[in-house]
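Visitor: This is model37.pdb, which holds PDB, C-alpha atoms:
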```pdb
ATOM      1  CA  MET A   1      15.284 -30.365  -4.853
ATOM      2  CA  PRO A   2      14.510 -26.603  -4.690
ATOM      3  CA  TRP A   3      12.272 -25.317  -7.491
ATOM      4  CA  GLN A   4      13.983 -23.425 -10.323
ATOM      5  CA  PRO A   5      12.599 -22.004 -13.576
ATOM      6  CA  ARG A   6      13.723 -23.874 -16.673
ATOM      7  CA  GLU A   7      14.791 -20.850 -18.701
ATOM      8  CA  PHE A   8      16.986 -18.877 -16.285
ATOM      9  CA  GLU A   9      18.440 -18.762 -12.786
ATOM     10  CA  LEU A  10      16.944 -16.702 -10.003
ATOM     11  CA  THR A  11      19.064 -14.311  -7.960
ATOM     12  CA  PRO A  12      19.345 -15.075  -4.227
ATOM     13  CA  GLN A  13      16.800 -12.352  -3.391
ATOM     14  CA  GLN A  14      14.381 -13.551  -6.067
ATOM     15  CA  LYS A  15      14.781 -17.134  -4.905
ATOM     16  CA  LYS A  16      13.985 -16.101  -1.332
ATOM     17  CA  ALA A  17      10.675 -14.613  -2.492
ATOM     18  CA  VAL A  18       9.800 -17.605  -4.677
ATOM     19  CA  ASP A  19      10.701 -20.179  -2.005
ATOM     20  CA  HIS A  20       8.561 -18.556   0.693
ATOM     21  CA  ILE A  21       5.572 -20.778   1.421
ATOM     22  CA  GLU A  22       3.037 -19.529   3.973
ATOM     23  CA  GLY A  23       2.326 -16.201   5.614
ATOM     24  CA  PRO A  24       2.530 -12.620   4.280
ATOM     25  CA  ILE A  25       5.537 -11.468   2.268
ATOM     26  CA  LEU A  26       6.267  -7.994   0.919
ATOM     27  CA  ALA A  27       8.849  -7.617  -1.852
ATOM     28  CA  VAL A  28       9.972  -4.038  -2.467
ATOM     29  CA  ALA A  29      12.269  -3.615  -5.470
ATOM     30  CA  GLY A  30      13.167  -1.046  -8.092
ATOM     31  CA  ALA A  31      12.396  -0.902 -11.791
ATOM     32  CA  GLY A  32      13.863  -3.657 -13.947
ATOM     33  CA  THR A  33      14.515  -6.082 -11.088
ATOM     34  CA  GLY A  34      12.126  -8.754 -12.357
ATOM     35  CA  LYS A  35       9.280  -8.214  -9.897
ATOM     36  CA  THR A  36       6.553  -9.561 -12.179
ATOM     37  CA  THR A  37       8.735 -12.496 -13.221
ATOM     38  CA  VAL A  38       9.247 -13.400  -9.560
ATOM     39  CA  LEU A  39       5.501 -13.315  -8.988
ATOM     40  CA  ALA A  40       4.945 -15.568 -12.016
ATOM     41  CA  CYS A  41       7.663 -17.951 -10.789
ATOM     42  CA  ARG A  42       6.009 -18.094  -7.402
ATOM     43  CA  VAL A  43       2.664 -19.046  -8.968
ATOM     44  CA  VAL A  44       4.245 -21.861 -10.972
ATOM     45  CA  ARG A  45       6.296 -23.046  -8.015
ATOM     46  CA  LEU A  46       3.166 -23.313  -5.839
ATOM     47  CA  ILE A  47       1.505 -25.446  -8.512
ATOM     48  CA  GLU A  48       4.438 -27.657  -9.551
ATOM     49  CA  ASP A  49       5.507 -28.354  -5.976
ATOM     50  CA  LYS A  50       1.847 -29.182  -5.175
ATOM     51  CA  LEU A  51       1.643 -26.529  -2.473
ATOM     52  CA  ALA A  52      -1.584 -25.275  -4.008
ATOM     53  CA  ASP A  53      -4.076 -26.287  -6.650
ATOM     54  CA  PRO A  54      -4.448 -23.747  -9.490
ATOM     55  CA  THR A  55      -8.037 -23.172  -8.315
ATOM     56  CA  GLU A  56      -6.674 -21.894  -4.977
ATOM     57  CA  ILE A  57      -4.502 -19.149  -6.491
ATOM     58  CA  LEU A  58      -5.471 -15.549  -7.254
ATOM     59  CA  ALA A  59      -2.958 -13.266  -8.980
ATOM     60  CA  VAL A  60      -4.077  -9.665  -9.480
ATOM     61  CA  THR A  61      -2.698  -6.534 -11.068
ATOM     62  CA  TYR A  62      -4.098  -3.169 -12.211
ATOM     63  CA  THR A  63      -4.659  -3.153 -15.964
ATOM     64  CA  ARG A  64      -5.922  -5.693 -18.472
ATOM     65  CA  ASN A  65      -2.678  -5.424 -20.414
ATOM     66  CA  SER A  66      -0.670  -6.193 -17.280
ATOM     67  CA  ALA A  67      -2.937  -9.134 -16.505
ATOM     68  CA  ARG A  68      -2.466 -10.566 -20.015
ATOM     69  CA  ASP A  69       1.299 -10.150 -19.695
ATOM     70  CA  LEU A  70       1.287 -11.902 -16.325
ATOM     71  CA  LEU A  71      -0.758 -14.799 -17.700
ATOM     72  CA  LYS A  72       1.697 -15.172 -20.600
ATOM     73  CA  ARG A  73       4.677 -15.256 -18.240
ATOM     74  CA  ILE A  74       3.003 -17.912 -16.113
ATOM     75  CA  ALA A  75       2.190 -19.977 -19.217
ATOM     76  CA  ARG A  76       5.788 -19.800 -20.500
ATOM     77  CA  LEU A  77       7.208 -20.823 -17.141
ATOM     78  CA  TRP A  78       4.667 -23.576 -16.569
ATOM     79  CA  LYS A  79       3.990 -24.941 -20.053
ATOM     80  CA  GLY A  80       6.964 -23.659 -22.042
ATOM     81  CA  THR A  81       4.911 -21.516 -24.440
ATOM     82  CA  ASP A  82       2.353 -18.724 -24.408
ATOM     83  CA  ASP A  83       0.491 -19.475 -27.647
ATOM     84  CA  PRO A  84      -3.299 -18.917 -27.559
ATOM     85  CA  ALA A  85      -4.111 -22.593 -27.061
ATOM     86  CA  THR A  86      -1.788 -22.804 -24.063
ATOM     87  CA  LEU A  87      -3.168 -19.602 -22.543
ATOM     88  CA  ALA A  88      -6.665 -21.074 -22.807
ATOM     89  CA  GLN A  89      -5.414 -24.308 -21.238
ATOM     90  CA  VAL A  90      -3.888 -22.435 -18.299
ATOM     91  CA  ALA A  91      -7.058 -20.375 -17.822
ATOM     92  CA  ASN A  92      -9.144 -23.550 -17.815
ATOM     93  CA  THR A  93      -7.213 -24.923 -14.845
ATOM     94  CA  GLY A  94      -9.110 -22.516 -12.579
ATOM     95  CA  LEU A  95      -6.066 -20.306 -11.987
ATOM     96  CA  LYS A  96      -7.339 -16.749 -11.538
ATOM     97  CA  VAL A  97      -5.200 -14.060 -13.170
ATOM     98  CA  GLY A  98      -6.734 -10.637 -13.763
ATOM     99  CA  THR A  99      -7.392  -7.166 -12.434
ATOM    100  CA  PHE A 100      -8.851  -6.323  -9.045
ATOM    101  CA  HIS A 101     -11.979  -5.055 -10.769
ATOM    102  CA  SER A 102     -12.547  -8.108 -12.952
ATOM    103  CA  TYR A 103     -12.121 -10.409  -9.968
ATOM    104  CA  CYS A 104     -14.477  -8.387  -7.749
ATOM    105  CA  TYR A 105     -17.097  -8.136 -10.488
ATOM    106  CA  SER A 106     -17.007 -11.915 -10.877
ATOM    107  CA  LEU A 107     -17.681 -12.258  -7.128
ATOM    108  CA  LEU A 108     -20.680  -9.948  -7.397
ATOM    109  CA  CYS A 109     -22.043 -11.784 -10.440
ATOM    110  CA  GLN A 110     -21.719 -15.145  -8.669
ATOM    111  CA  ALA A 111     -23.745 -13.688  -5.790
ATOM    112  CA  GLY A 112     -26.442 -12.356  -8.134
ATOM    113  CA  GLN A 113     -25.403  -8.740  -7.545
ATOM    114  CA  ARG A 114     -24.573  -7.750 -11.106
ATOM    115  CA  PHE A 115     -25.075  -4.067 -11.923
ATOM    116  CA  GLU A 116     -24.512  -1.789 -14.892
ATOM    117  CA  LEU A 117     -21.115  -0.132 -14.864
ATOM    118  CA  ILE A 118     -20.904   3.583 -15.610
ATOM    119  CA  ASP A 119     -17.830   5.771 -15.965
ATOM    120  CA  ASP A 120     -17.171   9.243 -14.567
ATOM    121  CA  LYS A 121     -18.758  10.969 -17.569
ATOM    122  CA  ASP A 122     -21.937   8.926 -17.164
ATOM    123  CA  LEU A 123     -22.087   9.748 -13.448
ATOM    124  CA  TYR A 124     -21.555  13.444 -14.207
ATOM    125  CA  VAL A 125     -24.445  13.436 -16.690
ATOM    126  CA  LEU A 126     -26.659  11.505 -14.277
ATOM    127  CA  LEU A 127     -26.119  14.041 -11.481
ATOM    128  CA  ARG A 128     -26.220  17.061 -13.799
ATOM    129  CA  ARG A 129     -29.689  16.054 -14.978
ATOM    130  CA  ARG A 130     -30.789  15.938 -11.343
ATOM    131  CA  ILE A 131     -29.078  19.121 -10.231
ATOM    132  CA  GLU A 132     -32.384  20.538  -8.941
ATOM    133  CA  ASP A 133     -32.889  17.457  -6.755
ATOM    134  CA  LEU A 134     -29.513  18.086  -5.106
ATOM    135  CA  ASN A 135     -30.962  21.291  -3.638
ATOM    136  CA  LEU A 136     -27.577  23.000  -3.558
ATOM    137  CA  GLN A 137     -27.359  26.132  -1.428
ATOM    138  CA  TYR A 138     -23.641  26.739  -1.137
ATOM    139  CA  TYR A 139     -22.004  25.024  -4.095
ATOM    140  CA  ILE A 140     -24.496  26.344  -6.626
ATOM    141  CA  LYS A 141     -22.564  29.613  -6.216
ATOM    142  CA  ALA A 142     -19.487  28.020  -7.813
ATOM    143  CA  ALA A 143     -18.493  29.153 -11.309
ATOM    144  CA  THR A 144     -20.826  26.482 -12.624
ATOM    145  CA  PRO A 145     -22.657  23.555 -10.973
ATOM    146  CA  GLY A 146     -20.427  21.362 -13.111
ATOM    147  CA  GLU A 147     -17.361  22.516 -11.177
ATOM    148  CA  PHE A 148     -18.914  21.183  -7.984
ATOM    149  CA  LEU A 149     -19.964  17.900  -9.630
ATOM    150  CA  GLU A 150     -16.471  17.268 -10.989
ATOM    151  CA  GLY A 151     -15.015  17.811  -7.530
ATOM    152  CA  LEU A 152     -17.732  15.646  -6.020
ATOM    153  CA  ILE A 153     -16.913  12.715  -8.313
ATOM    154  CA  GLY A 154     -13.271  12.939  -7.260
ATOM    155  CA  PHE A 155     -14.424  12.980  -3.643
ATOM    156  CA  PHE A 156     -16.504   9.831  -4.256
ATOM    157  CA  LYS A 157     -13.437   8.023  -5.579
ATOM    158  CA  ARG A 158     -11.336   8.946  -2.567
ATOM    159  CA  CYS A 159     -14.079   7.783  -0.216
ATOM    160  CA  HIS A 160     -14.384   4.456  -2.030
ATOM    161  CA  ASP A 161     -10.620   3.965  -2.074
ATOM    162  CA  GLU A 162     -10.612   4.374   1.710
ATOM    163  CA  LEU A 163     -13.865   2.427   2.257
ATOM    164  CA  ARG A 164     -15.691   5.486   3.556
ATOM    165  CA  THR A 165     -19.489   5.493   3.359
ATOM    166  CA  PRO A 166     -22.095   8.267   3.737
ATOM    167  CA  ASP A 167     -22.504   7.110   7.347
ATOM    168  CA  ASP A 168     -18.779   7.652   7.901
ATOM    169  CA  TYR A 169     -18.961  11.148   6.437
ATOM    170  CA  ASP A 170     -22.017  11.986   8.546
ATOM    171  CA  ALA A 171     -20.065  10.916  11.642
ATOM    172  CA  TYR A 172     -17.161  13.125  10.527
ATOM    173  CA  VAL A 173     -19.465  16.134  10.148
ATOM    174  CA  ALA A 174     -20.957  15.442  13.578
ATOM    175  CA  LYS A 175     -17.458  15.641  15.079
ATOM    176  CA  LEU A 176     -16.878  18.938  13.276
ATOM    177  CA  GLU A 177     -20.133  20.287  14.651
ATOM    178  CA  SER A 178     -19.307  19.269  18.216
ATOM    179  CA  LYS A 179     -15.819  20.795  17.827
ATOM    180  CA  GLN A 180     -14.064  17.464  18.516
ATOM    181  CA  ILE A 181     -11.883  18.103  15.465
ATOM    182  CA  PRO A 182     -10.896  21.348  13.689
ATOM    183  CA  LEU A 183     -12.890  22.625  10.745
ATOM    184  CA  PRO A 184     -11.446  21.834   7.306
ATOM    185  CA  ARG A 185     -10.770  24.245   4.473
ATOM    186  CA  VAL A 186     -13.658  23.904   2.031
ATOM    187  CA  GLY A 187     -12.741  26.436  -0.638
ATOM    188  CA  HIS A 188      -9.853  28.151  -2.362
ATOM    189  CA  SER A 189      -7.344  29.884  -0.069
ATOM    190  CA  LYS A 190      -8.674  33.428  -0.567
ATOM    191  CA  GLN A 191     -12.271  32.256  -0.276
ATOM    192  CA  ALA A 192     -11.575  30.221   2.861
ATOM    193  CA  GLU A 193     -10.076  33.188   4.715
ATOM    194  CA  SER A 194     -13.382  35.057   4.768
ATOM    195  CA  MET A 195     -15.632  32.024   5.327
ATOM    196  CA  SER A 196     -17.524  31.811   8.615
ATOM    197  CA  ASP A 197     -17.668  28.654  10.721
ATOM    198  CA  ASP A 198     -21.379  28.361   9.955
ATOM    199  CA  GLU A 199     -20.722  28.392   6.220
ATOM    200  CA  ILE A 200     -17.960  25.799   6.522
ATOM    201  CA  LEU A 201     -20.291  23.500   8.436
ATOM    202  CA  GLY A 202     -23.080  24.215   5.974
ATOM    203  CA  ARG A 203     -20.859  23.181   3.070
ATOM    204  CA  CYS A 204     -19.842  19.993   4.865
ATOM    205  CA  HIS A 205     -23.495  19.139   5.519
ATOM    206  CA  GLU A 206     -24.256  19.786   1.848
ATOM    207  CA  VAL A 207     -21.509  17.419   0.714
ATOM    208  CA  ALA A 208     -22.757  14.778   3.165
ATOM    209  CA  ARG A 209     -26.301  15.079   1.857
ATOM    210  CA  VAL A 210     -25.276  14.898  -1.806
ATOM    211  CA  PHE A 211     -22.947  11.969  -1.122
ATOM    212  CA  ARG A 212     -25.838   9.984   0.355
ATOM    213  CA  TYR A 213     -28.206  11.068  -2.409
ATOM    214  CA  ALA A 214     -25.781   9.901  -5.112
ATOM    215  CA  GLU A 215     -25.130   6.544  -3.455
ATOM    216  CA  ASP A 216     -28.853   5.919  -2.972
ATOM    217  CA  LEU A 217     -29.585   6.961  -6.569
ATOM    218  CA  LEU A 218     -27.019   4.582  -8.038
ATOM    219  CA  ALA A 219     -28.252   1.706  -5.895
ATOM    220  CA  SER A 220     -31.898   2.323  -6.839
ATOM    221  CA  GLU A 221     -31.010   2.420 -10.553
ATOM    222  CA  ASN A 222     -28.798  -0.700 -10.255
ATOM    223  CA  LEU A 223     -25.798   1.317 -11.407
ATOM    224  CA  GLY A 224     -22.278   1.621 -10.092
ATOM    225  CA  THR A 225     -18.864   3.035 -10.942
ATOM    226  CA  TYR A 226     -15.636   1.064 -11.141
ATOM    227  CA  SER A 227     -14.944   2.069  -7.544
ATOM    228  CA  HIS A 228     -18.219   0.457  -6.507
ATOM    229  CA  VAL A 229     -17.053  -2.857  -7.975
ATOM    230  CA  ILE A 230     -14.509  -3.202  -5.169
ATOM    231  CA  THR A 231     -16.483  -1.592  -2.330
ATOM    232  CA  ARG A 232     -19.569  -3.706  -3.043
ATOM    233  CA  ALA A 233     -17.483  -6.875  -3.298
ATOM    234  CA  ILE A 234     -15.992  -6.101   0.114
ATOM    235  CA  ALA A 235     -19.471  -5.469   1.524
ATOM    236  CA  LEU A 236     -20.504  -8.871   0.126
ATOM    237  CA  LEU A 237     -17.570 -10.621   1.804
ATOM    238  CA  ARG A 238     -18.222  -8.804   5.091
ATOM    239  CA  ASP A 239     -21.898  -9.788   5.154
ATOM    240  CA  GLU A 240     -22.166 -12.166   8.113
ATOM    241  CA  LYS A 241     -25.700 -13.203   7.080
ATOM    242  CA  ASN A 242     -24.298 -14.676   3.858
ATOM    243  CA  ALA A 243     -21.018 -16.143   5.085
ATOM    244  CA  ALA A 244     -21.036 -18.704   2.267
ATOM    245  CA  HIS A 245     -19.841 -16.032  -0.162
ATOM    246  CA  LEU A 246     -16.745 -15.332   1.934
ATOM    247  CA  LYS A 247     -16.027 -19.030   2.442
ATOM    248  CA  ARG A 248     -16.251 -19.754  -1.290
ATOM    249  CA  ALA A 249     -14.036 -16.777  -2.137
ATOM    250  CA  GLN A 250     -11.422 -17.817   0.448
ATOM    251  CA  GLN A 251     -11.332 -21.360  -0.961
ATOM    252  CA  GLY A 252     -10.544 -19.908  -4.368
ATOM    253  CA  ALA A 253      -7.882 -17.522  -3.056
ATOM    254  CA  ARG A 254      -5.859 -19.476  -0.509
ATOM    255  CA  PHE A 255      -2.807 -17.805  -2.034
ATOM    256  CA  VAL A 256      -3.142 -14.175  -3.161
ATOM    257  CA  LEU A 257      -0.403 -12.523  -5.203
ATOM    258  CA  ILE A 258      -0.482  -8.790  -5.966
ATOM    259  CA  ASP A 259       1.671  -7.234  -8.677
ATOM    260  CA  GLU A 260       2.412  -3.483  -8.882
ATOM    261  CA  PHE A 261       1.485  -3.209  -5.222
ATOM    262  CA  GLN A 262       2.565   0.434  -5.072
ATOM    263  CA  ASP A 263      -0.749   1.281  -6.751
ATOM    264  CA  SER A 264      -2.849  -0.375  -4.043
ATOM    265  CA  ASN A 265      -5.225   1.506  -1.782
ATOM    266  CA  VAL A 266      -6.965   0.784   1.508
ATOM    267  CA  ALA A 267      -9.924  -0.993  -0.120
ATOM    268  CA  GLN A 268      -7.748  -3.377  -2.138
ATOM    269  CA  ILE A 269      -5.616  -4.281   0.865
ATOM    270  CA  GLU A 270      -8.779  -4.956   2.870
ATOM    271  CA  LEU A 271      -9.989  -7.223   0.061
ATOM    272  CA  ALA A 272      -6.764  -9.233   0.303
ATOM    273  CA  ARG A 273      -7.096  -9.437   4.090
ATOM    274  CA  LEU A 274     -10.610 -10.832   3.853
ATOM    275  CA  LEU A 275      -9.617 -13.414   1.261
ATOM    276  CA  VAL A 276      -6.548 -14.832   2.988
ATOM    277  CA  ASP A 277      -8.033 -14.743   6.511
ATOM    278  CA  SER A 278      -5.773 -15.917   9.358
ATOM    279  CA  GLN A 279      -3.340 -17.828   7.121
ATOM    280  CA  ALA A 280      -2.425 -14.546   5.425
ATOM    281  CA  ASN A 281      -0.850 -16.205   2.391
ATOM    282  CA  VAL A 282      -0.491 -12.926   0.527
ATOM    283  CA  PHE A 283       2.503 -11.981  -1.604
ATOM    284  CA  ALA A 284       2.811  -8.335  -2.666
ATOM    285  CA  VAL A 285       5.514  -6.917  -4.894
ATOM    286  CA  GLY A 286       6.076  -3.353  -6.019
ATOM    287  CA  ASP A 287       8.197  -0.222  -6.241
ATOM    288  CA  PRO A 288       7.121   2.885  -4.250
ATOM    289  CA  ASP A 289       8.783   5.168  -6.805
ATOM    290  CA  GLN A 290       6.533   3.907  -9.593
ATOM    291  CA  ALA A 291       3.116   4.618  -8.056
ATOM    292  CA  ILE A 292       0.918   6.006 -10.834
ATOM    293  CA  TYR A 293      -2.314   6.318  -8.862
ATOM    294  CA  ARG A 294      -1.100   8.680  -6.148
ATOM    295  CA  PHE A 295      -4.095  10.920  -6.808
ATOM    296  CA  ARG A 296      -6.373   7.919  -6.114
ATOM    297  CA  GLY A 297      -5.015   7.250  -2.643
ATOM    298  CA  ALA A 298      -2.205   4.905  -3.659
ATOM    299  CA  THR A 299       1.216   5.992  -2.451
ATOM    300  CA  ALA A 300       4.256   4.510  -0.793
ATOM    301  CA  GLY A 301       1.937   4.410   2.217
ATOM    302  CA  ALA A 302       0.429   1.246   0.725
ATOM    303  CA  PHE A 303       3.483  -0.652   1.975
ATOM    304  CA  ASP A 304       3.060   0.748   5.490
ATOM    305  CA  HIS A 305      -0.609  -0.182   5.425
ATOM    306  CA  PHE A 306       0.281  -3.724   4.347
ATOM    307  CA  LEU A 307       2.617  -4.058   7.338
ATOM    308  CA  LYS A 308      -0.027  -2.678   9.690
ATOM    309  CA  THR A 309      -2.716  -4.976   8.277
ATOM    310  CA  PHE A 310      -0.766  -8.227   8.357
ATOM    311  CA  GLY A 311       1.586  -7.460  11.249
ATOM    312  CA  THR A 312       5.017  -5.878  10.940
ATOM    313  CA  ALA A 313       6.693  -8.702  12.852
ATOM    314  CA  ARG A 314       4.927 -11.356  10.775
ATOM    315  CA  VAL A 315       5.549 -10.002   7.272
ATOM    316  CA  LYS A 316       8.617 -11.406   5.549
ATOM    317  CA  ARG A 317      10.650  -8.914   3.544
TER     318      ARG A 317
END
```
Could you render the structure from this file as structure tokens?
Guide:
Amino acid sequence: MPWQPREFELTPQQKKAVDHIEGPILAVAGAGTGKTTVLACRVVRLIEDKLADPTEILAVTYTRNSARDLLKRIARLWKGTDDPATLAQVANTGLKVGTFHSYCYSLLCQAGQRFELIDDKDLYVLLRRRIEDLNLQYYIKAATPGEFLEGLIGFFKRCHDELRTPDDYDAYVAKLESKQIPLPRVGHSKQAESMSDDEILGRCHEVARVFRYAEDLLASENLGTYSHVITRAIALLRDEKNAAHLKRAQQGARFVLIDEFQDSNVAQIELARLLVDSQANVFAVGDPDQAIYRFRGATAGAFDHFLKTFGTARVKR
């Protein structure tokens, strides 16, 4: 008999998403359509119909509050209550419900790669104290060095969101230098109009050098930002010399479910791809109109990237 929640009846569209078993599925729906409830139902259905052991399921979202809410919904659907004792019982089954960052940090800790987390203010202070070591020639002329550092930290985040490394940026600058691609605008509109090609390239080289310096500094001090939590976890899973880490992670994430998918970026989608491997048992649900991290690289384009990653013809919608 088809699985149904005890408390209410699913709509035909919701039921279609819950009943799906294997392969990638993308559920795009508006506000108030029960997206998170559908995801919770799908988790419980996988367990109760013995399609997956709780230890094989990973459900992720973007904030700790959202993760707690998702765990409560799963507990109510599965156990009939979400009191503290029941929540602890559900957590002890090995079911993984949390944020992308908490999950990735757990992977790093298991691999002995724990590091001290710092926020943007800490990183700003760290670089400001070493401003002389940055040897700035162009950006020291900004209103203050701090203006450059604030912009640089935003640049770091965008690079991490798109899995771009200092090597990638060096390769980009090399293409600029060889005129394979047009020069970018590297200043305010009025400033850019009078800027020579040599200065534009000089600024790009300066950014490349500081990017590498900052990454090397953080690594040497065993520090990292929240963005590094995901990029370093992906590097761990991609490391062919230590394939056991990837194998263990895949065993614990045979089914991956992503809530609020509209806030995903390239790095998070790549993480899901690595975890689910060829089976691609990934369920993503979200609303493009509700993306709150557009400035961090998450836009409606996340849905297009999902289709490209897992195959447009293969993804159920």
Visitor: Which residue out of A:Pro184, A:Pro12, A:Gly224, A:Gly286 has the minimum interatomic distance to Ile118 of chain A when all atoms listed in the file are used?
Guide: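 Of A:Pro184, A:Pro12, A:Gly224, A:Gly286, the one nearest Ile118 of chain A, counting all atoms listed in the file, is A:Gly224.
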Visitor: Looking at A:His305, A:Lys50, A:His228, A:Arg203, which one is nearest to Cys104 of chain A, with distances taken over all atoms listed in the file?
Guide: A:His228
Visitor: Find, counting all atoms listed in the file, the residue in A:Asp259, A:Glu116, A:Glu150, A:Asp69 that gets nearest to Leu87 of chain A.
Guide: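 Closest to Leu87 of chain A of all the choices is A:Asp69.
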Visitor: In Å, with one decimal, what is the gap from atom CA of Leu223 of chain A to atom CA of Ile258 of chain A?
Guide: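 Separating atom CA of Leu223 of chain A from atom CA of Ile258 of chain A is a distance of 27.8 Å.
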Visitor: Counting all atoms listed in the file, which residues in segment 53-76 of chain A sit no more than 12 Å from segment 234-249 of chain A? For each one, give the nearest pair of atoms and the distance in Å, sorted by chain then residue number, as a Markdown table.
Guide:
```
| residue | atom | partner | partner_atom | distance |
| --- | --- | --- | --- | --- |
| A:Thr55 | CA | A:Ala249 | CA | 10.7 |
| A:Glu56 | CA | A:Ala249 | CA | 9.4 |
| A:Ile57 | CA | A:Ala249 | CA | 10.7 |
| A:Leu58 | CA | A:Ala249 | CA | 10.1 |
```
Visitor: So what do you get for atom CA of Asp82 of chain A versus atom CA of Phe255 of chain A, distance-wise?
Guide: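 Between these atoms lies a distance of 23.0 Å.
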Visitor: Nearest residue to Gly98 of chain A out of A:Lys179, A:Arg73, A:Val60, A:Trp3, using only C-alpha atoms?
Guide: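 Once distances to Gly98 of chain A are computed over only C-alpha atoms, the minimum belongs to A:Val60.
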Visitor: Please enclose the listed atoms of segment 161-178 of chain A in an axis-aligned box, pad each side by 3 Å, and write out the centre and the three edge lengths in Å, rounded to one decimal, as JSON.
Guide:
```
{"center_x": -16.6, "center_y": 11.4, "center_z": 8.1, "size_x": 17.9, "size_y": 23.9, "size_z": 26.3}
```
Visitor: Given the PyMOL selection byres ((chain A and resi 17) around 9) and the file above, list the residues it selects as a short mmCIF file (atom, residue, chain, number, x, y, z; two decimals) with C-alpha atoms, in the coordinates of the input.
Guide:
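result_19.cif, written as the output of this step:
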```cif
data_model
loop_
_atom_site.label_atom_id
_atom_site.label_comp_id
_atom_site.auth_asym_id
_atom_site.auth_seq_id
_atom_site.Cartn_x
_atom_site.Cartn_y
_atom_site.Cartn_z
CA PRO A 12 19.34 -15.08 -4.23
CA GLN A 13 16.80 -12.35 -3.39
CA GLN A 14 14.38 -13.55 -6.07
CA LYS A 15 14.78 -17.13 -4.90
CA LYS A 16 13.98 -16.10 -1.33
CA VAL A 18 9.80 -17.60 -4.68
CA ASP A 19 10.70 -20.18 -2.00
CA HIS A 20 8.56 -18.56 0.69
CA ILE A 21 5.57 -20.78 1.42
CA ILE A 25 5.54 -11.47 2.27
CA LEU A 26 6.27 -7.99 0.92
CA ALA A 27 8.85 -7.62 -1.85
CA VAL A 38 9.25 -13.40 -9.56
CA LEU A 39 5.50 -13.32 -8.99
CA ARG A 42 6.01 -18.09 -7.40
CA PHE A 283 2.50 -11.98 -1.60
CA LYS A 316 8.62 -11.41 5.55
CA ARG A 317 10.65 -8.91 3.54
#
```
Visitor: Which residues, written as a list in words, have at least one atom at most 8 Å from segment 208-220 of chain A, with only C-alpha atoms counted and residues fewer than 2 positions away on the same chain left out?
Guide: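 Here the qualifying residues turn out to be Leu127, Leu134, Phe156, Pro166, Tyr169, Asp170, Val173, Cys204, His205, Glu206, Asn222, Leu223 and Gly224 of chain A.
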Visitor: Taking (-7.5, 0.0, 0.1) in the file's coordinates as the center, which residues reach within 12 Å of it, counting all atoms listed in the file, put as number ranges by chain?
Guide: A: 100, 157-164, 227, 230-231, 234, 261-274, 296-299, 301-306, 309
Visitor: Around (-12.0, -5.8, -15.1) in the file's frame, which residues reach within 12 Å when counting all atoms listed in the file? Return as a PyMOL selection string?
Guide: chain A and resi 60-68+97-107+117+225-227+229-230
Visitor: To one decimal in Å, tell me the separation between atom CA of Val315 of chain A and atom CA of Thr36 of chain A.
Guide: 19.5 Å
Visitor: For Val276 of chain A, which residue out of A:Lys72, A:Tyr138, A:Asp197, A:Glu22 is the nearest one, using all atoms listed in the file?
Guide: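 Closest residue, counting all atoms listed in the file: A:Glu22.
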Visitor: For segment 246-253 of chain A, supply N, CA, C and O atoms and report the output as a compact mmCIF listing (two decimals), in the coordinates of the input.
Guide:
```
# COMPACT_ATOMS: atom_id res chain seq x y z
N LEU A 246 -18.12 -15.49 1.47
CA LEU A 246 -16.74 -15.33 1.93
C LEU A 246 -16.01 -16.67 1.92
O LEU A 246 -14.86 -16.76 1.47
N LYS A 247 -16.66 -17.72 2.39
CA LYS A 247 -16.03 -19.03 2.44
C LYS A 247 -15.64 -19.51 1.05
O LYS A 247 -14.53 -20.01 0.83
N ARG A 248 -16.55 -19.33 0.07
CA ARG A 248 -16.25 -19.75 -1.29
C ARG A 248 -15.10 -18.94 -1.88
O ARG A 248 -14.20 -19.49 -2.54
N ALA A 249 -15.10 -17.63 -1.62
CA ALA A 249 -14.04 -16.78 -2.14
C ALA A 249 -12.69 -17.15 -1.52
O ALA A 249 -11.66 -17.18 -2.21
N GLN A 250 -12.67 -17.43 -0.22
CA GLN A 250 -11.42 -17.82 0.45
C GLN A 250 -10.89 -19.14 -0.08
O GLN A 250 -9.66 -19.32 -0.21
N GLN A 251 -11.77 -20.08 -0.40
CA GLN A 251 -11.33 -21.36 -0.96
C GLN A 251 -10.67 -21.16 -2.32
O GLN A 251 -9.77 -21.92 -2.68
N GLY A 252 -11.11 -20.17 -3.06
CA GLY A 252 -10.54 -19.91 -4.37
C GLY A 252 -9.40 -18.92 -4.35
O GLY A 252 -8.87 -18.54 -5.41
N ALA A 253 -8.98 -18.49 -3.16
CA ALA A 253 -7.88 -17.52 -3.06
C ALA A 253 -7.05 -17.83 -1.81
O ALA A 253 -6.76 -16.95 -1.01
```
